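Data file: query.tsv. Format and content: TSV, C-alpha atoms.
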chain	number	residue	atom	x	y	z
A	26	MET	CA	13.42	-45.36	-60.84
A	27	ARG	CA	13.51	-41.57	-60.88
A	28	SER	CA	16.90	-39.95	-60.75
A	29	GLU	CA	15.93	-38.01	-57.62
A	30	THR	CA	15.23	-41.33	-55.87
A	31	LYS	CA	18.62	-42.65	-56.92
A	32	ILE	CA	20.45	-39.55	-55.72
A	33	LEU	CA	18.72	-39.38	-52.34
A	34	GLY	CA	19.03	-43.13	-51.90
A	35	GLY	CA	22.74	-42.90	-52.64
A	36	VAL	CA	23.22	-40.03	-50.20
A	37	LEU	CA	21.33	-41.95	-47.51
A	38	ILE	CA	23.41	-45.10	-47.89
A	39	PHE	CA	26.62	-43.07	-47.99
A	40	SER	CA	25.61	-41.19	-44.82
A	41	LEU	CA	24.71	-44.39	-42.99
A	42	VAL	CA	28.10	-45.91	-43.82
A	43	LEU	CA	29.83	-42.73	-42.61
A	44	ILE	CA	27.87	-42.66	-39.34
A	45	MET	CA	28.53	-46.32	-38.59
A	46	GLY	CA	32.21	-45.82	-39.36
A	47	ALA	CA	32.37	-42.85	-37.00
A	48	VAL	CA	30.70	-44.75	-34.14
A	49	PHE	CA	33.06	-47.67	-34.71
A	50	LEU	CA	36.13	-45.39	-34.64
A	51	LEU	CA	34.92	-43.61	-31.48
A	52	ASN	CA	34.58	-46.96	-29.76
A	53	GLN	CA	38.07	-48.01	-30.79
A	54	GLY	CA	39.86	-44.82	-29.83
A	55	GLY	CA	40.98	-43.53	-26.47
A	56	SER	CA	42.90	-46.53	-25.18
A	57	SER	CA	46.30	-46.70	-23.48
A	58	LYS	CA	46.74	-43.12	-22.36
A	59	GLU	CA	48.56	-41.89	-19.28
A	60	VAL	CA	46.18	-42.20	-16.34
A	61	LYS	CA	47.83	-39.72	-14.00
A	62	GLY	CA	48.56	-36.06	-14.53
A	63	GLU	CA	52.15	-34.82	-14.11
A	64	LYS	CA	51.49	-32.19	-11.50
A	65	THR	CA	51.17	-33.03	-7.82
A	66	PHE	CA	48.57	-30.86	-6.12
A	67	ALA	CA	48.78	-29.95	-2.45
A	68	ILE	CA	45.49	-31.16	-1.05
A	69	ASP	CA	44.35	-30.41	2.49
A	70	TYR	CA	44.10	-33.96	3.83
A	71	SER	CA	42.68	-32.80	7.15
A	72	LYS	CA	39.32	-32.23	5.48
A	73	GLY	CA	36.69	-34.61	4.19
A	74	GLN	CA	35.19	-37.91	5.25
A	75	LYS	CA	37.72	-40.71	5.45
A	76	ILE	CA	38.04	-44.46	5.23
A	77	GLY	CA	41.38	-46.01	6.15
A	78	SER	CA	44.39	-44.96	8.18
A	79	ASP	CA	45.99	-41.50	8.01
A	80	SER	CA	49.34	-43.22	7.59
A	81	ALA	CA	48.26	-45.20	4.52
A	82	LYS	CA	50.75	-45.03	1.67
A	83	VAL	CA	48.22	-43.95	-0.92
A	84	LYS	CA	45.59	-41.29	-0.48
A	85	LEU	CA	42.68	-41.39	-2.87
A	86	VAL	CA	40.61	-38.21	-2.85
A	87	GLU	CA	37.31	-38.01	-4.69
A	88	PHE	CA	35.44	-34.81	-5.40
A	89	SER	CA	31.92	-36.06	-5.80
A	90	ASP	CA	28.28	-35.12	-6.03
A	91	PHE	CA	25.57	-37.44	-4.70
A	92	GLN	CA	23.27	-36.44	-7.56
A	93	CYS	CA	25.83	-37.14	-10.28
A	94	PRO	CA	25.11	-40.38	-12.18
A	95	ALA	CA	28.79	-40.76	-13.08
A	96	CYS	CA	29.72	-40.62	-9.37
A	97	LYS	CA	27.23	-43.40	-8.73
A	98	ALA	CA	28.72	-45.35	-11.63
A	99	ALA	CA	32.20	-45.01	-10.09
A	100	GLU	CA	31.08	-46.44	-6.73
A	101	PRO	CA	31.63	-50.17	-7.43
A	102	GLU	CA	35.21	-49.50	-8.51
A	103	VAL	CA	35.90	-47.35	-5.45
A	104	LYS	CA	34.61	-50.16	-3.24
A	105	GLN	CA	36.73	-52.66	-5.09
A	106	VAL	CA	39.99	-50.74	-4.62
A	107	LEU	CA	39.14	-50.12	-0.98
A	108	ALA	CA	38.74	-53.85	-0.43
A	109	LYS	CA	41.85	-54.69	-2.44
A	110	TYR	CA	44.28	-52.18	-0.91
A	111	LYS	CA	42.78	-52.17	2.57
A	112	ASN	CA	45.84	-51.21	4.62
A	113	ASP	CA	47.66	-49.16	2.02
A	114	LEU	CA	44.81	-46.90	1.01
A	115	GLN	CA	42.98	-44.01	2.56
A	116	PHE	CA	39.87	-42.86	0.74
A	117	ILE	CA	38.70	-39.29	1.28
A	118	TYR	CA	35.31	-38.04	0.12
A	119	ARG	CA	35.02	-34.32	-0.64
A	120	HIS	CA	31.81	-32.54	-1.60
A	121	PHE	CA	31.49	-30.97	-5.01
A	122	PRO	CA	27.75	-30.61	-5.63
A	123	LEU	CA	27.30	-29.25	-9.15
A	124	PRO	CA	25.01	-26.22	-9.47
A	125	GLN	CA	22.79	-27.93	-12.03
A	126	HIS	CA	22.04	-30.73	-9.57
A	127	LYS	CA	19.34	-29.07	-7.52
A	128	ASN	CA	19.24	-31.66	-4.73
A	129	GLY	CA	22.98	-32.35	-4.58
A	130	ARG	CA	23.65	-29.86	-1.82
A	131	ALA	CA	20.77	-31.09	0.35
A	132	ALA	CA	22.09	-34.62	-0.15
A	133	ALA	CA	25.55	-33.51	1.00
A	134	THR	CA	23.93	-31.91	4.07
A	135	LEU	CA	22.06	-35.13	4.79
A	136	ALA	CA	25.25	-37.19	4.55
A	137	GLU	CA	27.08	-34.80	6.88
A	138	ALA	CA	24.19	-34.92	9.35
A	139	ALA	CA	24.47	-38.71	9.28
A	140	GLY	CA	28.22	-38.26	9.78
A	141	GLU	CA	27.53	-36.61	13.15
A	142	LYS	CA	26.28	-40.03	14.26
A	143	ASN	CA	29.16	-41.83	12.52
A	144	LYS	CA	26.87	-42.94	9.73
A	145	PHE	CA	28.26	-40.87	6.85
A	146	TRP	CA	29.21	-43.92	4.80
A	147	GLU	CA	25.90	-45.64	5.40
A	148	MET	CA	24.08	-42.56	4.16
A	149	HIS	CA	26.58	-42.20	1.31
A	150	GLU	CA	25.56	-45.68	0.16
A	151	LYS	CA	21.84	-45.00	0.63
A	152	LEU	CA	22.04	-41.78	-1.37
A	153	PHE	CA	23.81	-43.37	-4.32
A	154	ASN	CA	21.63	-46.49	-4.29
A	155	ASN	CA	18.46	-44.40	-4.39
A	156	GLN	CA	19.79	-41.63	-6.64
A	157	GLU	CA	17.06	-42.04	-9.29
A	158	GLY	CA	14.41	-41.80	-6.61
A	159	TRP	CA	15.33	-38.44	-5.10
A	160	SER	CA	17.17	-36.68	-7.94
A	161	VAL	CA	14.03	-35.58	-9.77
A	162	LEU	CA	12.00	-34.51	-6.74
A	163	PRO	CA	11.21	-30.78	-6.49
A	164	ASP	CA	11.65	-31.09	-2.73
A	165	PRO	CA	13.55	-34.18	-1.54
A	166	THR	CA	13.06	-33.50	2.20
A	167	SER	CA	10.52	-36.23	2.98
A	168	TYR	CA	12.43	-38.76	0.87
A	169	PHE	CA	15.62	-37.85	2.75
A	170	LEU	CA	13.87	-38.20	6.11
A	171	ASP	CA	12.81	-41.71	5.11
A	172	LEU	CA	16.41	-42.52	4.19
A	173	ALA	CA	17.49	-41.16	7.58
A	174	GLY	CA	14.88	-43.31	9.29
A	175	SER	CA	16.06	-46.38	7.43
A	176	ILE	CA	19.47	-46.15	9.11
A	177	ASP	CA	18.00	-45.28	12.52
A	178	LEU	CA	18.78	-41.58	12.58
A	179	ASP	CA	16.64	-39.18	14.55
A	180	LYS	CA	14.33	-37.73	11.91
A	181	ASP	CA	13.73	-34.50	13.83
A	182	GLN	CA	17.44	-33.78	14.09
A	183	VAL	CA	17.94	-34.52	10.42
A	184	LYS	CA	15.01	-32.33	9.49
A	185	LYS	CA	16.52	-29.47	11.46
A	186	ALA	CA	19.84	-29.97	9.71
A	187	LEU	CA	18.16	-29.91	6.30
A	188	GLU	CA	16.41	-26.68	7.25
A	189	ASN	CA	19.27	-24.87	9.01
A	190	LYS	CA	22.06	-26.20	6.77
A	191	PRO	CA	24.78	-26.22	9.43
A	192	TYR	CA	27.31	-27.85	7.08
A	193	GLU	CA	27.06	-25.24	4.37
A	194	GLY	CA	30.45	-23.80	5.37
A	195	LYS	CA	32.10	-27.20	5.21
A	196	ILE	CA	30.57	-27.98	1.81
A	197	ASN	CA	31.60	-24.56	0.48
A	198	GLU	CA	35.16	-25.13	1.67
A	199	ASP	CA	35.25	-28.40	-0.24
A	200	VAL	CA	33.90	-26.76	-3.38
A	201	ALA	CA	36.36	-23.86	-3.05
A	202	GLU	CA	39.32	-26.21	-2.68
A	203	GLY	CA	38.05	-28.26	-5.63
A	204	GLN	CA	37.94	-25.13	-7.75
A	205	VAL	CA	41.51	-24.25	-6.77
A	206	LEU	CA	42.53	-27.78	-7.77
A	207	GLY	CA	40.86	-27.32	-11.16
A	208	VAL	CA	37.96	-29.69	-10.57
A	209	ASN	CA	35.36	-28.98	-13.26
A	210	SER	CA	33.46	-32.23	-13.36
A	211	THR	CA	32.52	-35.03	-11.02
A	212	PRO	CA	33.80	-37.48	-10.04
A	213	THR	CA	37.35	-36.11	-10.01
A	214	PHE	CA	39.91	-38.38	-8.37
A	215	PHE	CA	43.35	-37.54	-7.00
A	216	VAL	CA	45.87	-40.25	-6.13
A	217	ASN	CA	48.55	-38.84	-3.83
A	218	GLY	CA	47.78	-35.40	-5.22
A	219	LYS	CA	47.91	-36.38	-8.86
A	220	LYS	CA	44.73	-35.74	-10.80
A	221	LEU	CA	43.47	-38.77	-12.68
A	222	LYS	CA	42.40	-38.75	-16.29
A	223	LEU	CA	40.21	-41.81	-16.32
A	224	GLN	CA	39.40	-43.62	-19.53
A	225	SER	CA	37.50	-46.19	-17.54
A	226	PHE	CA	36.92	-46.60	-13.83
A	227	SER	CA	39.26	-49.59	-13.75
A	228	ASP	CA	42.08	-47.07	-14.28
A	229	LEU	CA	41.64	-46.27	-10.57
A	230	ASP	CA	43.17	-49.60	-9.71
A	231	THR	CA	46.04	-49.03	-12.17
A	232	ALA	CA	46.81	-45.60	-10.70
A	233	ILE	CA	46.83	-46.90	-7.12
A	234	SER	CA	48.96	-49.94	-7.85
A	235	ASP	CA	51.45	-47.72	-9.74
A	236	GLU	CA	51.69	-45.48	-6.70
A	237	LEU	CA	52.29	-48.45	-4.40
A	238	LYS	CA	55.17	-49.70	-6.54
A	239	LYS	CA	57.09	-46.48	-5.93
B	230	MET	CA	8.94	-26.61	-55.41
B	231	GLU	CA	7.72	-29.99	-54.24
B	232	LYS	CA	11.16	-31.40	-54.92
B	233	LEU	CA	12.68	-28.72	-52.72
B	234	PHE	CA	10.48	-29.54	-49.72
B	235	ASN	CA	11.15	-33.22	-50.13
B	236	ARG	CA	14.88	-32.60	-50.21
B	237	ALA	CA	14.58	-30.38	-47.15
B	238	ILE	CA	12.82	-33.19	-45.26
B	239	PHE	CA	15.45	-35.64	-46.40
B	240	PHE	CA	18.45	-33.58	-45.32
B	241	LEU	CA	16.86	-32.47	-42.06
B	242	SER	CA	16.19	-36.14	-41.33
B	243	LEU	CA	19.86	-36.88	-41.90
B	244	ILE	CA	20.84	-34.13	-39.45
B	245	GLY	CA	18.30	-35.48	-36.96
B	246	LEU	CA	19.69	-38.96	-37.46
B	247	LEU	CA	23.18	-37.68	-36.74
B	248	ILE	CA	22.02	-36.04	-33.49
B	249	SER	CA	20.19	-39.20	-32.44
B	250	VAL	CA	23.20	-41.39	-33.14
B	251	PHE	CA	25.39	-38.99	-31.19
B	252	LEU	CA	22.97	-39.06	-28.25
B	253	PHE	CA	22.71	-42.83	-28.46
B	254	TYR	CA	26.49	-43.03	-28.31
B	255	GLU	CA	26.55	-40.67	-25.32
B	256	TYR	CA	23.72	-42.48	-23.55
B	257	SER	CA	24.59	-46.06	-24.11
B	258	LEU	CA	28.03	-46.77	-25.42
B	259	SER	CA	30.41	-44.36	-23.74
B	260	GLY	CA	28.87	-44.84	-20.27
B	261	PRO	CA	28.60	-42.06	-17.74
B	262	MET	CA	32.20	-41.16	-16.96
B	263	VAL	CA	31.78	-37.62	-15.67
B	264	CYS	CA	29.16	-34.99	-14.96
B	265	PRO	CA	30.52	-31.74	-16.38
B	266	LEU	CA	30.04	-28.52	-14.45
B	267	GLY	CA	26.95	-26.71	-15.74
B	268	GLY	CA	25.59	-29.42	-18.04
B	269	GLY	CA	21.83	-29.87	-18.48
B	270	CYS	CA	22.02	-32.98	-20.63
B	271	ASP	CA	23.11	-35.30	-17.87
B	272	ILE	CA	20.09	-34.39	-15.74
B	273	VAL	CA	17.77	-35.14	-18.63
B	274	ARG	CA	19.68	-38.29	-19.34
B	275	SER	CA	19.60	-39.55	-15.77
B	276	SER	CA	15.89	-38.80	-15.38
B	277	PRO	CA	13.38	-41.65	-15.64
B	278	TYR	CA	12.08	-40.03	-18.83
B	279	SER	CA	15.18	-40.86	-20.86
B	280	SER	CA	13.45	-43.98	-22.13
B	281	PHE	CA	10.00	-44.67	-23.48
B	282	LEU	CA	8.37	-48.14	-23.36
B	283	GLY	CA	11.71	-49.48	-22.19
B	284	ILE	CA	13.58	-48.19	-25.22
B	285	SER	CA	15.94	-45.25	-24.81
B	286	ILE	CA	14.80	-42.03	-26.51
B	287	PRO	CA	17.81	-41.76	-28.89
B	288	ILE	CA	16.85	-45.14	-30.37
B	289	TRP	CA	13.33	-43.80	-31.02
B	290	GLY	CA	15.02	-40.81	-32.62
B	291	ILE	CA	17.18	-43.01	-34.84
B	292	GLY	CA	14.10	-45.00	-35.90
B	293	PHE	CA	12.10	-41.85	-36.56
B	294	TYR	CA	14.68	-40.00	-38.64
B	295	LEU	CA	15.83	-43.09	-40.53
B	296	SER	CA	12.24	-44.00	-41.48
B	297	LEU	CA	11.59	-40.42	-42.52
B	298	ALA	CA	14.73	-40.32	-44.66
B	299	ILE	CA	13.73	-43.59	-46.37
B	300	LEU	CA	10.18	-42.31	-46.98
B	301	SER	CA	11.69	-39.14	-48.49
B	302	VAL	CA	13.84	-41.16	-50.87
B	303	PHE	CA	10.66	-42.67	-52.29
B	304	ARG	CA	8.64	-39.46	-51.83
B	305	LEU	CA	5.76	-41.04	-49.97
B	306	GLY	CA	4.17	-37.70	-49.09
B	307	LYS	CA	1.22	-38.97	-47.06
B	308	LEU	CA	3.33	-41.27	-44.90
B	309	GLN	CA	5.96	-38.56	-44.50
B	310	LEU	CA	3.32	-36.20	-43.16
B	311	MET	CA	1.89	-38.78	-40.77
B	312	LEU	CA	5.30	-39.73	-39.41
B	313	ALA	CA	6.39	-36.08	-39.16
B	314	LEU	CA	3.25	-35.35	-37.16
B	315	CYS	CA	3.92	-38.24	-34.76
B	316	GLY	CA	7.55	-37.16	-34.37
B	317	PHE	CA	6.62	-33.58	-33.67
B	318	ALA	CA	3.95	-34.58	-31.15
B	319	PHE	CA	6.41	-36.84	-29.34
B	320	GLY	CA	9.03	-34.09	-29.35
B	321	LEU	CA	6.47	-31.68	-27.93
B	322	TYR	CA	5.75	-34.13	-25.12
B	323	LEU	CA	9.47	-34.60	-24.36
B	324	THR	CA	10.16	-30.86	-24.39
B	325	PHE	CA	7.18	-30.36	-22.08
B	326	LEU	CA	8.72	-32.93	-19.71
B	327	GLU	CA	12.06	-31.13	-19.83
B	328	ALA	CA	10.47	-27.78	-19.05
B	329	PHE	CA	7.94	-28.70	-16.39
B	330	VAL	CA	8.87	-32.06	-14.90
B	331	ILE	CA	12.64	-32.49	-15.15
B	332	GLY	CA	13.35	-28.76	-14.99
B	333	ALA	CA	16.42	-28.95	-17.20
B	334	PHE	CA	17.03	-28.71	-20.92
B	335	CYS	CA	19.32	-30.76	-23.08
B	336	PHE	CA	20.64	-28.74	-26.01
B	337	TRP	CA	20.64	-31.70	-28.41
B	338	CYS	CA	17.12	-32.77	-27.50
B	339	VAL	CA	15.79	-29.25	-28.04
B	340	LEU	CA	17.65	-29.00	-31.35
B	341	SER	CA	16.11	-32.29	-32.44
B	342	PHE	CA	12.67	-30.96	-31.49
B	343	ILE	CA	13.21	-27.83	-33.60
B	344	ILE	CA	14.28	-29.98	-36.54
B	345	SER	CA	11.17	-32.15	-36.19
B	346	PHE	CA	9.08	-28.97	-36.24
B	347	VAL	CA	10.70	-27.72	-39.46
B	348	ILE	CA	10.25	-31.18	-40.97
B	349	LEU	CA	6.55	-31.05	-40.11
B	350	ILE	CA	6.18	-27.69	-41.86
B	351	CYS	CA	7.93	-29.04	-44.95
B	352	ALA	CA	5.77	-32.17	-44.92
B	353	VAL	CA	2.62	-30.07	-44.73
B	354	LYS	CA	3.83	-27.89	-47.61
B	355	LEU	CA	4.72	-31.00	-49.58
B	356	LYS	CA	1.25	-32.45	-49.25
B	357	PHE	CA	-0.84	-29.31	-49.63

For this file, produce the structure as C-alpha cells.
Amino acid sequence: MRSETKILGGVLIFSLVLIMGAVFLLNQGGSSKEVKGEKTFAIDYSKGQKIGSDSAKVKLVEFSDFQCPACKAAEPEVKQVLAKYKNDLQFIYRHFPLPQHKNGRAAATLAEAAGEKNKFWEMHEKLFNNQEGWSVLPDPTSYFLDLAGSIDLDKDQVKKALENKPYEGKINEDVAEGQVLGVNSTPTFFVNGKKLKLQSFSDLDTAISDELKK
Amino acid sequence: MEKLFNRAIFFLSLIGLLISVFLFYEYSLSGPMVCPLGGGCDIVRSSPYSSFLGISIPIWGIGFYLSLAILSVFRLGKLQLMLALCGFAFGLYLTFLEAFVIGAFCFWCVLSFIISFVILICAVKLKF
C-alpha cells in the first residue's frame, strides 16, 4: 500500500469518527433547560383570533405563519393542550408572516376572510394541512379559492378579499406587535406574557401546567 | 502535481461530507422547530424537491462525498471523474430548481454545488 493511501485513509477514518461523534453529541445535548423566559411581556390580548374564554387562567399566544413548516409541526401539540386544558386555557393566534414566505400573507388574508364567516379555525386547519400544496405556487389564488369552496365560503367574496387585501392593516399590526415583543422566528409562543424557549413542542404542556400551579 | 489534485478532491469531499451531514442533521434529526426570519433554507427544505427518489437530498450528498473520498484514497482517477461529473450534474439540476422553481436559495446547498464544481475541475485535471 502506498503511503499516500495510508495517510488519506487514516484522515478519512478519523474524520468519520469525529463527524459521528459530533452528531451523537448534538443529539444528546440541549435537555432540561428553563422553558420560560424571565420577563413578562405586556401583550394586547384584545387582538388576534381566539379559542377559549377571556377569563381563562392561562393565555397562550402564538405568533405564526401559515407557510412556516415549523408552525405546522407545532399544530398537533397546540391541539393537544387545547383539549387538555379546555377551561383554563385561551389560545390566541397572531399573524407573523415571514417575508421569505411569499404566500404567507395571502394565506393570512384568506384565514381572516374565512374569519368573517366564523370559519377562521376551519381555514387555519385547511391551510396547515395543505401547506405543501400551496407553499410553492407562484400564485396561490386558485388553490386558495378551492380551499374556500371546500368549507362552503363564497368564492367571489374570498377572491375580492385576496385582491383588495382588507386585512392588511390587521396583519401589519400583529407583525408590528410581534417585532416589539422580540419575535424573530415562527412559531413564537407566549404563556401569560412569558416567551417560551422550546426544546421540543411538548414543552408547551410543561409551561402551561406550571402556570396553572401558581 | 497529480498528487495535489487528488488531495484537493479528497479534502473537498470531506468538506462536502461535513456540509451534507450538517444538512442531514438539520433536515431529519433536529426536526423543524422554528422558521427564522429571513431564512432561505427552510423554503428549500420544505419544498417537494428536498428529496429525490424518496431519499432526502443530504443523504445523496453524504453518499456522493463519502464515495468520492474513498475513491480518492485509492486514487481511482477514472471513477473519480465519472462520479464528480454525476455529482456536478445533479448539483446543477438542484441549483436550477432553487433558482427557477422554488425561487429561494439555501446557502449550504449552493456552497455544496460550488464544491462539487471545484471537485470536477480537479478530477478533470487529474485524468488529463

Expressed in Å to a single decimal, how great is the separation between CA of Cys93 (chain A) and CA of Glu193 (chain A)?
18.9 Å

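What chain A places within 8 Å of chain B, counting all atoms listed in the file, is Glu29, Thr30, Lys31, Leu33, Gly34, Leu37, Ser40, Ile44, Val48, Asn52, Cys93, Pro94, Ala95, Cys96, Ala98, Ala99, Leu123, Pro124, Gln125, His126, Glu157, Ser160, Val161, Asn209, Ser210, Thr211, Pro212, Ser225 and Phe226 of chain A.
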
Pairwise distance for CA of Arg119 (chain A) and CA of Ala133 (chain A), rounded to one decimal in Å:
9.6 Å

Go ahead and compute the interatomic distance for CA of Val106 (chain A) and CA of Phe145 (chain A), in Å to one decimal.
19.1 Å

Would you list the residues near (7.4, -43.3, -41.6) (no more than 7 Å away, in the coordinates of the file, using only C-alpha atoms) as a PDB file with C-alpha atoms, in the coordinates of the input?
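File produced: result.pdb:
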ATOM      1  CA  SER B 296      12.240 -44.000 -41.480  1.00  0.00           C
ATOM      2  CA  LEU B 297      11.590 -40.420 -42.520  1.00  0.00           C
ATOM      3  CA  LEU B 300      10.180 -42.310 -46.980  1.00  0.00           C
ATOM      4  CA  LEU B 308       3.330 -41.270 -44.900  1.00  0.00           C
ATOM      5  CA  GLN B 309       5.960 -38.560 -44.500  1.00  0.00           C
ATOM      6  CA  LEU B 312       5.300 -39.730 -39.410  1.00  0.00           C
TER       7      LEU B 312
END

Residue nearest Asp69 (chain A) among A:Phe215, A:Pro122, A:Ser227, A:His149 (counting only C-alpha atoms):
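Answer, going by the shortest atom-to-atom distance: A:Phe215.
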
Measuring between only C-alpha atoms, which one of A:Ala232, A:Ala108, A:Ala201, A:Leu162 shows the shortest distance to Phe329 (chain B)?
A:Leu162

Could you pull the residues within 9 Å of Asp79 (chain A), counting all atoms listed in the file, minus those fewer than 5 positions along the same chain, as a PyMOL selection string?
chain A and resi 70+84+114-115

Go through A:Asn143, A:Lys72, A:Glu150, A:Tyr192 one by one, measure the shortest atom-to-atom distance of each to Val103 (chain A) using only C-alpha atoms, and give the residue with the smallest value.
A:Glu150

Write out as a ChimeraX atom specification which residues come within 8 Å of Thr65 (chain A) when counting all atoms listed in the file, dropping same-chain ones fewer than 4 positions away.
/A:217-220

As a VMD selection string, please: the residues near Phe319 (chain B) (cut-off 12 Å, all atoms listed in the file, same-chain neighbours under 6 positions excluded).
chain B and resid 281 286 289 to 290 293 312 to 313 325 to 326 338 341 to 342 345 to 346
